[in-house]
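File shown: work27.cif. Contents: mmCIF, C-alpha atoms and all ligand atoms.
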data_my_file
#
loop_
_atom_site.group_PDB
_atom_site.id
_atom_site.type_symbol
_atom_site.label_atom_id
_atom_site.label_comp_id
_atom_site.auth_asym_id
_atom_site.auth_seq_id
_atom_site.Cartn_x
_atom_site.Cartn_y
_atom_site.Cartn_z
ATOM 1 C CA MET A 40 95.968 28.355 171.594
ATOM 2 C CA GLU A 41 97.059 30.541 174.495
ATOM 3 C CA LEU A 42 100.675 31.494 174.891
ATOM 4 C CA GLY A 43 100.988 33.473 178.097
ATOM 5 C CA PRO A 44 99.043 36.655 177.428
ATOM 6 C CA LEU A 45 98.766 35.781 173.719
ATOM 7 C CA ARG A 46 95.579 34.257 172.380
ATOM 8 C CA LEU A 47 95.721 32.892 168.828
ATOM 9 C CA LYS A 48 92.448 33.100 166.899
ATOM 10 C CA ASN A 49 93.208 29.860 165.110
ATOM 11 C CA PRO A 50 95.897 27.176 165.540
ATOM 12 C CA VAL A 51 97.771 27.822 162.275
ATOM 13 C CA MET A 52 101.012 29.802 162.066
ATOM 14 C CA THR A 53 103.580 30.180 159.337
ATOM 15 C CA ALA A 54 106.918 28.395 159.852
ATOM 16 C CA SER A 55 110.114 30.415 160.178
ATOM 17 C CA GLY A 56 112.023 31.019 156.960
ATOM 18 C CA THR A 57 109.103 30.309 154.671
ATOM 19 C CA PHE A 58 107.064 33.503 155.070
ATOM 20 C CA GLY A 59 109.780 36.193 155.127
ATOM 21 C CA TYR A 60 108.896 38.973 157.570
ATOM 22 C CA GLY A 61 105.194 38.666 156.743
ATOM 23 C CA THR A 62 105.264 41.826 154.645
ATOM 24 C CA GLU A 63 106.343 39.944 151.498
ATOM 25 C CA TYR A 64 103.087 37.947 151.558
ATOM 26 C CA GLN A 65 100.858 40.880 152.410
ATOM 27 C CA LYS A 66 99.988 41.543 148.761
ATOM 28 C CA LEU A 67 99.130 37.883 148.145
ATOM 29 C CA VAL A 68 97.138 36.887 151.220
ATOM 30 C CA ASP A 69 95.209 38.421 154.102
ATOM 31 C CA VAL A 70 97.911 37.853 156.734
ATOM 32 C CA GLU A 71 95.498 38.965 159.467
ATOM 33 C CA ARG A 72 93.632 35.659 159.047
ATOM 34 C CA LEU A 73 96.600 33.641 160.323
ATOM 35 C CA GLY A 74 96.844 32.458 163.928
ATOM 36 C CA ALA A 75 100.348 33.940 164.044
ATOM 37 C CA ILE A 76 103.272 34.750 161.766
ATOM 38 C CA VAL A 77 106.723 33.394 162.592
ATOM 39 C CA THR A 78 109.488 35.401 160.901
ATOM 40 C CA LYS A 79 112.749 34.376 159.297
ATOM 41 C CA ALA A 80 115.513 34.010 161.924
ATOM 42 C CA ILE A 81 117.005 37.327 163.087
ATOM 43 C CA SER A 82 120.657 37.523 164.161
ATOM 44 C CA VAL A 83 122.631 40.377 165.764
ATOM 45 C CA LYS A 84 124.255 41.432 162.474
ATOM 46 C CA PRO A 85 122.748 41.185 158.978
ATOM 47 C CA ARG A 86 123.794 37.984 157.174
ATOM 48 C CA GLU A 87 124.020 37.260 153.451
ATOM 49 C CA GLY A 88 123.639 33.525 153.959
ATOM 50 C CA ASN A 89 125.300 30.593 152.214
ATOM 51 C CA PRO A 90 126.641 30.398 148.661
ATOM 52 C CA GLY A 91 124.202 28.878 146.147
ATOM 53 C CA PRO A 92 122.614 26.705 145.165
ATOM 54 C CA ARG A 93 120.655 27.045 148.406
ATOM 55 C CA THR A 94 117.624 24.861 147.700
ATOM 56 C CA VAL A 95 116.906 21.642 145.812
ATOM 57 C CA GLU A 96 113.704 19.684 145.361
ATOM 58 C CA THR A 97 113.603 16.102 146.695
ATOM 59 C CA PRO A 98 110.915 13.404 146.629
ATOM 60 C CA ALA A 99 107.988 14.808 148.675
ATOM 61 C CA GLY A 100 110.041 17.685 149.989
ATOM 62 C CA MET A 101 113.041 19.950 149.589
ATOM 63 C CA LEU A 102 116.488 20.535 151.027
ATOM 64 C CA ASN A 103 117.536 24.069 151.984
ATOM 65 C CA ALA A 104 120.711 25.684 153.235
ATOM 66 C CA ILE A 105 119.885 29.381 153.358
ATOM 67 C CA GLY A 106 122.375 30.097 156.156
ATOM 68 C CA TRP A 107 120.259 32.501 158.210
ATOM 69 C CA GLN A 108 120.201 35.220 155.574
ATOM 70 C CA ASN A 109 118.478 38.119 157.316
ATOM 71 C CA VAL A 110 118.364 41.890 157.750
ATOM 72 C CA GLY A 111 119.859 41.853 161.276
ATOM 73 C CA LEU A 112 118.544 43.149 164.583
ATOM 74 C CA ASP A 113 118.687 46.919 163.958
ATOM 75 C CA ALA A 114 116.836 46.784 160.640
ATOM 76 C CA CYS A 115 114.281 44.387 162.142
ATOM 77 C CA ILE A 116 113.465 46.887 164.891
ATOM 78 C CA ARG A 117 113.595 49.934 162.588
ATOM 79 C CA ASP A 118 111.861 48.666 159.442
ATOM 80 C CA TYR A 119 109.596 45.757 160.367
ATOM 81 C CA ALA A 120 108.469 45.963 164.003
ATOM 82 C CA PRO A 121 106.517 49.229 163.424
ATOM 83 C CA ILE A 122 104.540 47.467 160.659
ATOM 84 C CA TRP A 123 103.894 44.410 162.875
ATOM 85 C CA ALA A 124 102.705 46.677 165.688
ATOM 86 C CA ARG A 125 99.833 47.831 163.423
ATOM 87 C CA TRP A 126 98.700 44.273 162.666
ATOM 88 C CA GLN A 127 96.148 42.325 164.714
ATOM 89 C CA VAL A 128 97.975 39.056 163.923
ATOM 90 C CA PRO A 129 100.721 38.325 166.475
ATOM 91 C CA VAL A 130 104.233 38.250 165.014
ATOM 92 C CA ILE A 131 106.637 35.780 166.618
ATOM 93 C CA VAL A 132 110.280 36.535 165.855
ATOM 94 C CA ASN A 133 112.579 33.564 165.282
ATOM 95 C CA LEU A 134 116.119 34.112 166.668
ATOM 96 C CA ALA A 135 119.475 32.705 165.591
ATOM 97 C CA GLY A 136 122.898 33.024 167.164
ATOM 98 C CA PHE A 137 126.301 31.384 167.340
ATOM 99 C CA THR A 138 126.839 32.116 171.042
ATOM 100 C CA VAL A 139 124.557 32.385 174.063
ATOM 101 C CA GLU A 140 125.461 36.096 174.241
ATOM 102 C CA GLU A 141 124.211 36.668 170.683
ATOM 103 C CA TYR A 142 120.843 35.095 171.494
ATOM 104 C CA VAL A 143 120.585 37.188 174.654
ATOM 105 C CA THR A 144 121.398 40.427 172.793
ATOM 106 C CA VAL A 145 118.709 39.827 170.171
ATOM 107 C CA ALA A 146 116.145 38.538 172.670
ATOM 108 C CA GLU A 147 116.590 41.436 175.080
ATOM 109 C CA ALA A 148 116.237 44.054 172.350
ATOM 110 C CA LEU A 149 113.225 42.404 170.695
ATOM 111 C CA SER A 150 111.454 41.674 173.938
ATOM 112 C CA ASN A 151 111.233 45.442 174.489
ATOM 113 C CA THR A 152 110.092 46.212 170.945
ATOM 114 C CA PRO A 153 106.387 46.923 170.279
ATOM 115 C CA GLY A 154 105.155 44.659 167.480
ATOM 116 C CA VAL A 155 107.071 41.601 168.721
ATOM 117 C CA ALA A 156 104.476 39.313 170.342
ATOM 118 C CA ALA A 157 106.735 36.388 171.239
ATOM 119 C CA LEU A 158 110.150 34.879 170.529
ATOM 120 C CA GLU A 159 110.994 31.524 168.983
ATOM 121 C CA LEU A 160 114.557 30.305 169.511
ATOM 122 C CA ASN A 161 116.057 28.469 166.591
ATOM 123 C CA ILE A 162 118.661 26.486 168.498
ATOM 124 C CA SER A 163 119.724 24.386 165.508
ATOM 125 C CA CYS A 164 122.536 26.937 164.989
ATOM 126 C CA PRO A 165 126.130 25.732 165.518
ATOM 127 C CA ASN A 166 127.501 26.773 168.927
ATOM 128 C CA VAL A 167 130.970 28.215 168.289
ATOM 129 C CA ALA A 168 131.952 27.633 171.943
ATOM 130 C CA SER A 169 131.218 23.899 171.604
ATOM 131 C CA GLU A 170 133.087 23.098 168.391
ATOM 132 C CA GLY A 171 130.084 23.984 166.292
ATOM 133 C CA THR A 172 127.723 21.431 167.858
ATOM 134 C CA PRO A 173 124.202 22.815 167.402
ATOM 135 C CA PHE A 174 122.664 23.928 170.728
ATOM 136 C CA ALA A 175 119.622 21.773 169.962
ATOM 137 C CA LEU A 176 121.579 18.512 170.000
ATOM 138 C CA ARG A 177 122.670 18.465 173.640
ATOM 139 C CA PRO A 178 120.299 18.903 176.595
ATOM 140 C CA GLU A 179 122.798 20.998 178.590
ATOM 141 C CA LEU A 180 123.490 23.400 175.702
ATOM 142 C CA ALA A 181 119.791 23.703 174.876
ATOM 143 C CA ALA A 182 118.957 24.393 178.529
ATOM 144 C CA GLU A 183 121.762 26.930 178.880
ATOM 145 C CA VAL A 184 120.615 29.098 175.967
ATOM 146 C CA THR A 185 116.950 28.771 176.985
ATOM 147 C CA ALA A 186 117.629 29.880 180.571
ATOM 148 C CA ALA A 187 119.804 32.795 179.444
ATOM 149 C CA VAL A 188 117.144 34.083 177.057
ATOM 150 C CA ARG A 189 114.362 33.450 179.580
ATOM 151 C CA ALA A 190 116.152 35.730 182.047
ATOM 152 C CA VAL A 191 115.929 38.721 179.667
ATOM 153 C CA ALA A 192 112.712 38.007 177.737
ATOM 154 C CA ASP A 193 109.451 39.479 179.029
ATOM 155 C CA VAL A 194 107.442 38.054 176.118
ATOM 156 C CA PRO A 195 106.370 34.394 175.677
ATOM 157 C CA LEU A 196 109.303 32.162 174.764
ATOM 158 C CA ILE A 197 109.025 29.250 172.334
ATOM 159 C CA VAL A 198 112.052 27.000 171.785
ATOM 160 C CA LYS A 199 112.262 25.015 168.538
ATOM 161 C CA LEU A 200 113.529 21.457 168.675
ATOM 162 C CA SER A 201 115.720 19.705 166.137
ATOM 163 C CA PRO A 202 114.714 16.253 164.866
ATOM 164 C CA ASN A 203 118.398 15.331 164.416
ATOM 165 C CA VAL A 204 118.640 13.714 167.852
ATOM 166 C CA THR A 205 118.344 10.224 169.311
ATOM 167 C CA ASP A 206 116.118 11.188 172.249
ATOM 168 C CA VAL A 207 113.927 14.219 171.579
ATOM 169 C CA VAL A 208 112.096 13.814 174.912
ATOM 170 C CA GLU A 209 115.297 14.324 176.917
ATOM 171 C CA ILE A 210 116.020 17.607 175.086
ATOM 172 C CA ALA A 211 112.389 18.764 175.360
ATOM 173 C CA ALA A 212 112.384 18.129 179.116
ATOM 174 C CA ALA A 213 115.631 20.093 179.582
ATOM 175 C CA ILE A 214 114.282 23.071 177.619
ATOM 176 C CA HIS A 215 110.976 23.039 179.485
ATOM 177 C CA LYS A 216 112.780 22.921 182.829
ATOM 178 C CA ALA A 217 114.945 25.870 181.736
ATOM 179 C CA GLY A 218 111.853 28.068 181.405
ATOM 180 C CA ALA A 219 110.421 27.827 177.877
ATOM 181 C CA ASP A 220 106.687 28.628 177.680
ATOM 182 C CA ALA A 221 106.168 26.372 174.660
ATOM 183 C CA LEU A 222 108.104 24.022 172.382
ATOM 184 C CA SER A 223 107.894 23.949 168.596
ATOM 185 C CA LEU A 224 108.888 20.765 166.801
ATOM 186 C CA VAL A 225 110.446 20.100 164.439
ATOM 187 C CA ASN A 226 113.103 21.940 162.473
ATOM 188 C CA THR A 227 114.512 20.296 159.330
ATOM 189 C CA LEU A 228 116.322 16.931 159.089
ATOM 190 C CA VAL A 229 119.916 17.162 157.839
ATOM 191 C CA GLY A 230 120.499 15.642 154.399
ATOM 192 C CA ILE A 231 122.708 15.682 151.287
ATOM 193 C CA VAL A 232 121.811 15.548 147.588
ATOM 194 C CA ILE A 233 124.641 14.649 145.187
ATOM 195 C CA ASP A 234 124.800 16.116 141.674
ATOM 196 C CA THR A 235 126.005 12.972 139.865
ATOM 197 C CA ARG A 236 126.996 14.807 136.668
ATOM 198 C CA LEU A 237 129.268 17.162 138.600
ATOM 199 C CA ARG A 238 130.184 14.397 141.094
ATOM 200 C CA ARG A 239 129.757 16.705 144.061
ATOM 201 C CA PRO A 240 127.104 17.764 146.577
ATOM 202 C CA PHE A 241 124.377 19.829 144.916
ATOM 203 C CA LEU A 242 124.072 22.519 147.608
ATOM 204 C CA GLY A 243 126.794 25.131 148.053
ATOM 205 C CA ASN A 244 126.755 24.333 151.785
ATOM 206 C CA VAL A 245 127.048 20.540 151.087
ATOM 207 C CA THR A 246 124.354 19.665 153.684
ATOM 208 C CA GLY A 247 120.855 21.098 153.869
ATOM 209 C CA GLY A 248 117.661 20.751 155.888
ATOM 210 C CA LEU A 249 114.944 18.403 154.612
ATOM 211 C CA SER A 250 111.380 19.700 154.928
ATOM 212 C CA GLY A 251 107.975 18.936 153.443
ATOM 213 C CA PRO A 252 105.665 15.891 153.524
ATOM 214 C CA ALA A 253 108.651 13.506 153.547
ATOM 215 C CA ILE A 254 109.354 14.388 157.193
ATOM 216 C CA ARG A 255 105.761 14.536 158.482
ATOM 217 C CA PRO A 256 105.495 11.053 160.070
ATOM 218 C CA VAL A 257 108.810 11.626 161.874
ATOM 219 C CA ALA A 258 107.603 15.010 163.151
ATOM 220 C CA VAL A 259 104.210 13.645 164.240
ATOM 221 C CA ARG A 260 105.987 10.848 166.126
ATOM 222 C CA MET A 261 108.171 13.392 167.946
ATOM 223 C CA VAL A 262 105.144 15.497 168.955
ATOM 224 C CA TYR A 263 103.406 12.316 170.146
ATOM 225 C CA ASP A 264 106.399 11.237 172.254
ATOM 226 C CA VAL A 265 106.947 14.692 173.808
ATOM 227 C CA ALA A 266 103.207 15.127 174.500
ATOM 228 C CA ARG A 267 103.139 11.811 176.359
ATOM 229 C CA ALA A 268 106.259 12.570 178.359
ATOM 230 C CA LEU A 269 105.435 16.204 179.203
ATOM 231 C CA PRO A 270 101.646 16.448 179.521
ATOM 232 C CA GLY A 271 100.392 20.028 179.738
ATOM 233 C CA VAL A 272 103.410 21.623 178.041
ATOM 234 C CA PRO A 273 102.183 23.650 175.031
ATOM 235 C CA LEU A 274 103.514 22.100 171.799
ATOM 236 C CA ILE A 275 103.503 23.531 168.273
ATOM 237 C CA GLY A 276 103.860 20.919 165.510
ATOM 238 C CA ALA A 277 105.731 21.455 162.243
ATOM 239 C CA GLY A 278 106.912 19.269 159.393
ATOM 240 C CA GLY A 279 105.112 18.683 156.133
ATOM 241 C CA VAL A 280 101.778 20.254 157.009
ATOM 242 C CA MET A 281 100.192 20.623 153.553
ATOM 243 C CA THR A 282 96.493 20.109 154.347
ATOM 244 C CA ALA A 283 94.032 20.470 157.221
ATOM 245 C CA ASP A 284 94.192 16.701 157.718
ATOM 246 C CA ASP A 285 97.974 16.912 158.192
ATOM 247 C CA ALA A 286 97.489 19.683 160.758
ATOM 248 C CA LEU A 287 94.868 17.597 162.575
ATOM 249 C CA GLN A 288 97.349 14.712 162.808
ATOM 250 C CA PHE A 289 99.715 16.970 164.767
ATOM 251 C CA ILE A 290 96.866 18.292 166.921
ATOM 252 C CA MET A 291 95.599 14.794 167.731
ATOM 253 C CA ALA A 292 99.197 13.778 168.548
ATOM 254 C CA GLY A 293 99.246 16.531 171.186
ATOM 255 C CA ALA A 294 100.091 19.842 169.477
ATOM 256 C CA ARG A 295 98.007 22.920 170.301
ATOM 257 C CA ALA A 296 99.017 24.666 167.084
ATOM 258 C CA VAL A 297 100.878 23.920 163.861
ATOM 259 C CA GLN A 298 103.302 25.742 161.615
ATOM 260 C CA VAL A 299 103.054 25.622 157.826
ATOM 261 C CA GLY A 300 106.372 25.949 155.994
ATOM 262 C CA THR A 301 107.189 24.323 152.652
ATOM 263 C CA ALA A 302 103.485 24.304 151.680
ATOM 264 C CA SER A 303 103.567 28.120 151.397
ATOM 265 C CA PHE A 304 106.081 27.806 148.531
ATOM 266 C CA VAL A 305 103.573 25.675 146.608
ATOM 267 C CA ASN A 306 100.563 27.817 147.545
ATOM 268 C CA PRO A 307 101.002 31.118 149.400
ATOM 269 C CA ARG A 308 97.441 30.764 150.753
ATOM 270 C CA ALA A 309 98.143 27.283 152.193
ATOM 271 C CA ALA A 310 98.203 28.327 155.866
ATOM 272 C CA ILE A 311 94.877 30.180 155.602
ATOM 273 C CA GLU A 312 93.256 27.330 153.662
ATOM 274 C CA ILE A 313 94.469 24.887 156.335
ATOM 275 C CA ALA A 314 92.934 27.062 159.085
ATOM 276 C CA ASP A 315 89.637 27.088 157.142
ATOM 277 C CA GLY A 316 89.877 23.315 156.642
ATOM 278 C CA ILE A 317 90.339 22.706 160.378
ATOM 279 C CA ALA A 318 87.262 24.849 161.107
ATOM 280 C CA ALA A 319 85.280 22.901 158.494
ATOM 281 C CA PHE A 320 86.386 19.578 160.018
ATOM 282 C CA CYS A 321 85.277 20.737 163.477
ATOM 283 C CA ALA A 322 81.890 21.877 162.123
ATOM 284 C CA ARG A 323 81.400 18.551 160.312
ATOM 285 C CA GLU A 324 82.398 16.484 163.338
ATOM 286 C CA GLY A 325 80.395 18.531 165.834
ATOM 287 C CA VAL A 326 83.545 19.700 167.650
ATOM 288 C CA ARG A 327 82.891 23.091 169.262
ATOM 289 C CA ASP A 328 86.483 24.008 170.080
ATOM 290 C CA VAL A 329 89.532 22.626 168.260
ATOM 291 C CA ASN A 330 91.286 22.400 171.644
ATOM 292 C CA GLU A 331 89.020 19.403 172.377
ATOM 293 C CA LEU A 332 91.022 17.504 169.742
ATOM 294 C CA VAL A 333 94.464 18.211 171.259
ATOM 295 C CA GLY A 334 96.000 14.857 172.116
ATOM 296 C CA ALA A 335 92.870 12.947 170.990
ATOM 297 C CA ALA A 336 95.065 10.188 169.515
ATOM 298 C CA LEU A 337 97.219 9.730 172.607
ATOM 299 C CA PRO A 338 96.720 6.551 174.639
HETATM 300 C C1 LIG A 401 113.693 27.684 153.027
HETATM 301 C C2 LIG A 401 113.543 27.387 154.501
HETATM 302 C C3 LIG A 401 114.107 28.257 155.439
HETATM 303 C C4 LIG A 401 113.987 27.999 156.809
HETATM 304 N N1 LIG A 401 114.511 28.885 157.715
HETATM 305 C C5 LIG A 401 114.347 28.666 159.057
HETATM 306 C C6 LIG A 401 114.809 29.615 160.014
HETATM 307 O O1 LIG A 401 115.351 30.682 159.676
HETATM 308 N N2 LIG A 401 114.642 29.333 161.340
HETATM 309 C C7 LIG A 401 114.005 28.185 161.758
HETATM 310 O O2 LIG A 401 113.848 27.974 162.965
HETATM 311 N N3 LIG A 401 113.533 27.283 160.866
HETATM 312 C C8 LIG A 401 113.675 27.512 159.535
HETATM 313 N N4 LIG A 401 113.176 26.594 158.624
HETATM 314 C C9 LIG A 401 112.466 25.379 159.117
HETATM 315 C C10 LIG A 401 110.941 25.562 159.065
HETATM 316 O O3 LIG A 401 110.525 26.639 159.873
HETATM 317 C C11 LIG A 401 110.206 24.271 159.499
HETATM 318 O O4 LIG A 401 110.547 23.953 160.839
HETATM 319 C C12 LIG A 401 110.551 23.072 158.623
HETATM 320 O O5 LIG A 401 110.704 23.476 157.268
HETATM 321 C C13 LIG A 401 109.498 21.957 158.683
HETATM 322 O O6 LIG A 401 108.226 22.428 158.248
HETATM 323 P P1 LIG A 401 107.680 22.241 156.727
HETATM 324 O O7 LIG A 401 107.903 20.805 156.373
HETATM 325 O O8 LIG A 401 106.242 22.641 156.788
HETATM 326 O O9 LIG A 401 108.482 23.160 155.870
HETATM 327 C C14 LIG A 401 113.289 26.839 157.252
HETATM 328 C C15 LIG A 401 112.721 25.970 156.297
HETATM 329 C C16 LIG A 401 112.838 26.223 154.936
HETATM 330 C C17 LIG A 401 112.189 25.273 153.962
#
What is this structure when it is put down as structure tokens?
Ligand SMILES: Cc1cc2nc3c(=O)[nH]c(=O)nc-3n(C[C@H](O)[C@H](O)[C@H](O)COP(=O)(O)O)c2cc1C
Amino acid sequence: MELGPLRLKNPVMTASGTFGYGTEYQKLVDVERLGAIVTKAISVKPREGNPGPRTVETPAGMLNAIGWQNVGLDACIRDYAPIWARWQVPVIVNLAGFTVEEYVTVAEALSNTPGVAALELNISCPNVASEGTPFALRPELAAEVTAAVRAVADVPLIVKLSPNVTDVVEIAAAIHKAGADALSLVNTLVGIVIDTRLRRPFLGNVTGGLSGPAIRPVAVRMVYDVARALPGVPLIGAGGVMTADDALQFIMAGARAVQVGTASFVNPRAAIEIADGIAAFCAREGVRDVNELVGAALP
């Protein structure tokens, strides 16, 4: 996949929030073999995140409410970016904010930081100026934050869509028009697990985000719909990619790359094994370049 000046050596990235800052996995896997690493969301100030419990297993997936726990902008630039700058693998920094100004502050600083290859906006954060409605849920809010970040970001800009909407195509079109270079989809689906013995929600935050294989068909459908409506716009698929076959479903639905999230908790080598599996599929099927398969299942 090409993302502006960025060329990914394979179409598999890690998904934000499931691979730390890349450094945590360095001892376990050869991170240089990934197409790209997407970091945990970075906000202006460090955040401790939500009270526990913050995760719970569900059938074919999990619910999480981490609450954007992260080291904050200054520590990201001071402690991590110099390490990323020495890696061959591009590091895409995921951004979170509660106001447009917060996104702009983080984006402007990171866009001028060596080691940061691209930005991914997590716009599922509640917008304090709009009664806490997540930016990702309304086309005008999503477009506003995208345009504001675009104006200060000199690196490729990916905007990540929420699946918690009625019409994902409308939101995708607004974000594309506002200047995003690529769209990643999807973030987690909002859910609740009740602890029946305690007679209250299991997670400290009450609601959490559902991820894993349970959401894959929904995510593939959203990629398919956006790919049909916005041909040519680079899409990155996410949601329950556990195997190379899952990744190929997203690619054939129109994604040029995929992100692997929950699978890394089961097997830290999952993303690399999926990249190898895609290459093996292409060799077996006589496909010279995986890009030939992008959108192969579209009408
Ligand atoms: C524990 C956890 C933390 C996450 N944190 C973030 C985050 O900080 N920013 C973000 O955009 N998405 C975050 N996500 C969403 C994932 O990046 C991904 O979009 C979603 O989990 C679907 O992919 P999966 O089914 O492969 O996990 C998080 C997911 C999990 C499971």
Contact residues around Pro256 (chain A) with all atoms listed in the file at 10 Å, ignoring same-chain residues under 3 positions, as number ranges by chain: A: 252-253, 259-262, 278-279, 285, 288-289
Nearby residues, ligand LIG 401 (chain A), 8 Å, only C-alpha atoms and all ligand atoms, as number ranges by chain: A: 53-57, 78-81, 94, 100-108, 133-135, 159-163, 199, 224-227, 248-255, 277-281, 298-302
Would you save the residues of that selection, restricted to C-alpha atoms, as a PDB file, in the frame of the given file?
ATOM      1  CA  THR A  53     103.580  30.180 159.337  1.00  0.00           C
ATOM      2  CA  ALA A  54     106.918  28.395 159.852  1.00  0.00           C
ATOM      3  CA  SER A  55     110.114  30.415 160.178  1.00  0.00           C
ATOM      4  CA  GLY A  56     112.023  31.019 156.960  1.00  0.00           C
ATOM      5  CA  THR A  57     109.103  30.309 154.671  1.00  0.00           C
ATOM      6  CA  THR A  78     109.488  35.401 160.901  1.00  0.00           C
ATOM      7  CA  LYS A  79     112.749  34.376 159.297  1.00  0.00           C
ATOM      8  CA  ALA A  80     115.513  34.010 161.924  1.00  0.00           C
ATOM      9  CA  ILE A  81     117.005  37.327 163.087  1.00  0.00           C
ATOM     10  CA  THR A  94     117.624  24.861 147.700  1.00  0.00           C
ATOM     11  CA  GLY A 100     110.041  17.685 149.989  1.00  0.00           C
ATOM     12  CA  MET A 101     113.041  19.950 149.589  1.00  0.00           C
ATOM     13  CA  LEU A 102     116.488  20.535 151.027  1.00  0.00           C
ATOM     14  CA  ASN A 103     117.536  24.069 151.984  1.00  0.00           C
ATOM     15  CA  ALA A 104     120.711  25.684 153.235  1.00  0.00           C
ATOM     16  CA  ILE A 105     119.885  29.381 153.358  1.00  0.00           C
ATOM     17  CA  GLY A 106     122.375  30.097 156.156  1.00  0.00           C
ATOM     18  CA  TRP A 107     120.259  32.501 158.210  1.00  0.00           C
ATOM     19  CA  GLN A 108     120.201  35.220 155.574  1.00  0.00           C
ATOM     20  CA  ASN A 133     112.579  33.564 165.282  1.00  0.00           C
ATOM     21  CA  LEU A 134     116.119  34.112 166.668  1.00  0.00           C
ATOM     22  CA  ALA A 135     119.475  32.705 165.591  1.00  0.00           C
ATOM     23  CA  GLU A 159     110.994  31.524 168.983  1.00  0.00           C
ATOM     24  CA  LEU A 160     114.557  30.305 169.511  1.00  0.00           C
ATOM     25  CA  ASN A 161     116.057  28.469 166.591  1.00  0.00           C
ATOM     26  CA  ILE A 162     118.661  26.486 168.498  1.00  0.00           C
ATOM     27  CA  SER A 163     119.724  24.386 165.508  1.00  0.00           C
ATOM     28  CA  LYS A 199     112.262  25.015 168.538  1.00  0.00           C
ATOM     29  CA  LEU A 224     108.888  20.765 166.801  1.00  0.00           C
ATOM     30  CA  VAL A 225     110.446  20.100 164.439  1.00  0.00           C
ATOM     31  CA  ASN A 226     113.103  21.940 162.473  1.00  0.00           C
ATOM     32  CA  THR A 227     114.512  20.296 159.330  1.00  0.00           C
ATOM     33  CA  GLY A 248     117.661  20.751 155.888  1.00  0.00           C
ATOM     34  CA  LEU A 249     114.944  18.403 154.612  1.00  0.00           C
ATOM     35  CA  SER A 250     111.380  19.700 154.928  1.00  0.00           C
ATOM     36  CA  GLY A 251     107.975  18.936 153.443  1.00  0.00           C
ATOM     37  CA  PRO A 252     105.665  15.891 153.524  1.00  0.00           C
ATOM     38  CA  ALA A 253     108.651  13.506 153.547  1.00  0.00           C
ATOM     39  CA  ILE A 254     109.354  14.388 157.193  1.00  0.00           C
ATOM     40  CA  ARG A 255     105.761  14.536 158.482  1.00  0.00           C
ATOM     41  CA  ALA A 277     105.731  21.455 162.243  1.00  0.00           C
ATOM     42  CA  GLY A 278     106.912  19.269 159.393  1.00  0.00           C
ATOM     43  CA  GLY A 279     105.112  18.683 156.133  1.00  0.00           C
ATOM     44  CA  VAL A 280     101.778  20.254 157.009  1.00  0.00           C
ATOM     45  CA  MET A 281     100.192  20.623 153.553  1.00  0.00           C
ATOM     46  CA  GLN A 298     103.302  25.742 161.615  1.00  0.00           C
ATOM     47  CA  VAL A 299     103.054  25.622 157.826  1.00  0.00           C
ATOM     48  CA  GLY A 300     106.372  25.949 155.994  1.00  0.00           C
ATOM     49  CA  THR A 301     107.189  24.323 152.652  1.00  0.00           C
ATOM     50  CA  ALA A 302     103.485  24.304 151.680  1.00  0.00           C
TER      51      ALA A 302
END
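For the atom pair formed by CA of Gly61 (chain A) and CA of Leu196 (chain A), the distance is 19.6 Å, given to one decimal.
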Counting all atoms listed in the file, the residue of A:Pro90, A:Pro273, A:Pro307, A:Pro85 that sits nearest Leu242 (chain A): A:Pro90
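Taking CA of Arg46 (chain A) and CA of Ile275 (chain A) as endpoints, the distance between them is 14.0 Å.
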Show me, as a Markdown table, the residues of region 154-210 of chain A having an atom within 7 Å of region 111-130 of chain A, each with the closest atom pair and its distance in Å, using all atoms listed in the file.
| residue | atom | partner | partner_atom | distance |
| --- | --- | --- | --- | --- |
| A:Gly154 | CA | A:Ala124 | CA | 3.6 |
| A:Val155 | CA | A:Val130 | CA | 5.7 |
| A:Ala156 | CA | A:Val130 | CA | 5.4 |
| A:Ala157 | CA | A:Val130 | CA | 7.0 |
Picked residues, the PyMOL selection byres (((chain A and resi 310-315) around 8) and not hetatm), expected as an NGL selection string: :A and (49-53 or 72-73 or 281-283 or 286 or 299 or 302-303 or 307-309 or 316-319)
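Ranking A:Ala322, A:Ile76, A:Leu158, A:Ala190 by their shortest atom-to-atom distance to Tyr64 (chain A), with all atoms listed in the file included, puts A:Ile76 first.
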Output, as AutoDock Vina command-line options, the centre and edge lengths in Å (one decimal) of the axis-aligned box that contains all listed atoms of region 211-223 of chain A with 3 Å of margin on each side.
--center_x 110.9 --center_y 23.4 --center_z 175.7 --size_x 15.5 --size_y 16.5 --size_z 20.2
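On the file presented, the PyMOL selection byres (((chain A and resi 328) around 12) and not hetatm) picks out A:Met40, A:Lys48, A:Asn49, A:Pro50, A:Arg295, A:Ile317, A:Ala318, A:Ala319, A:Phe320, A:Cys321, A:Ala322, A:Glu324, A:Gly325, A:Val326, A:Arg327, A:Val329, A:Asn330, A:Glu331, A:Leu332, A:Val333.
Proximity of A:Arg189, A:Arg86, A:His215, A:Lys66 to Gly271 (chain A), computed with all atoms listed in the file, is greatest for A:His215.
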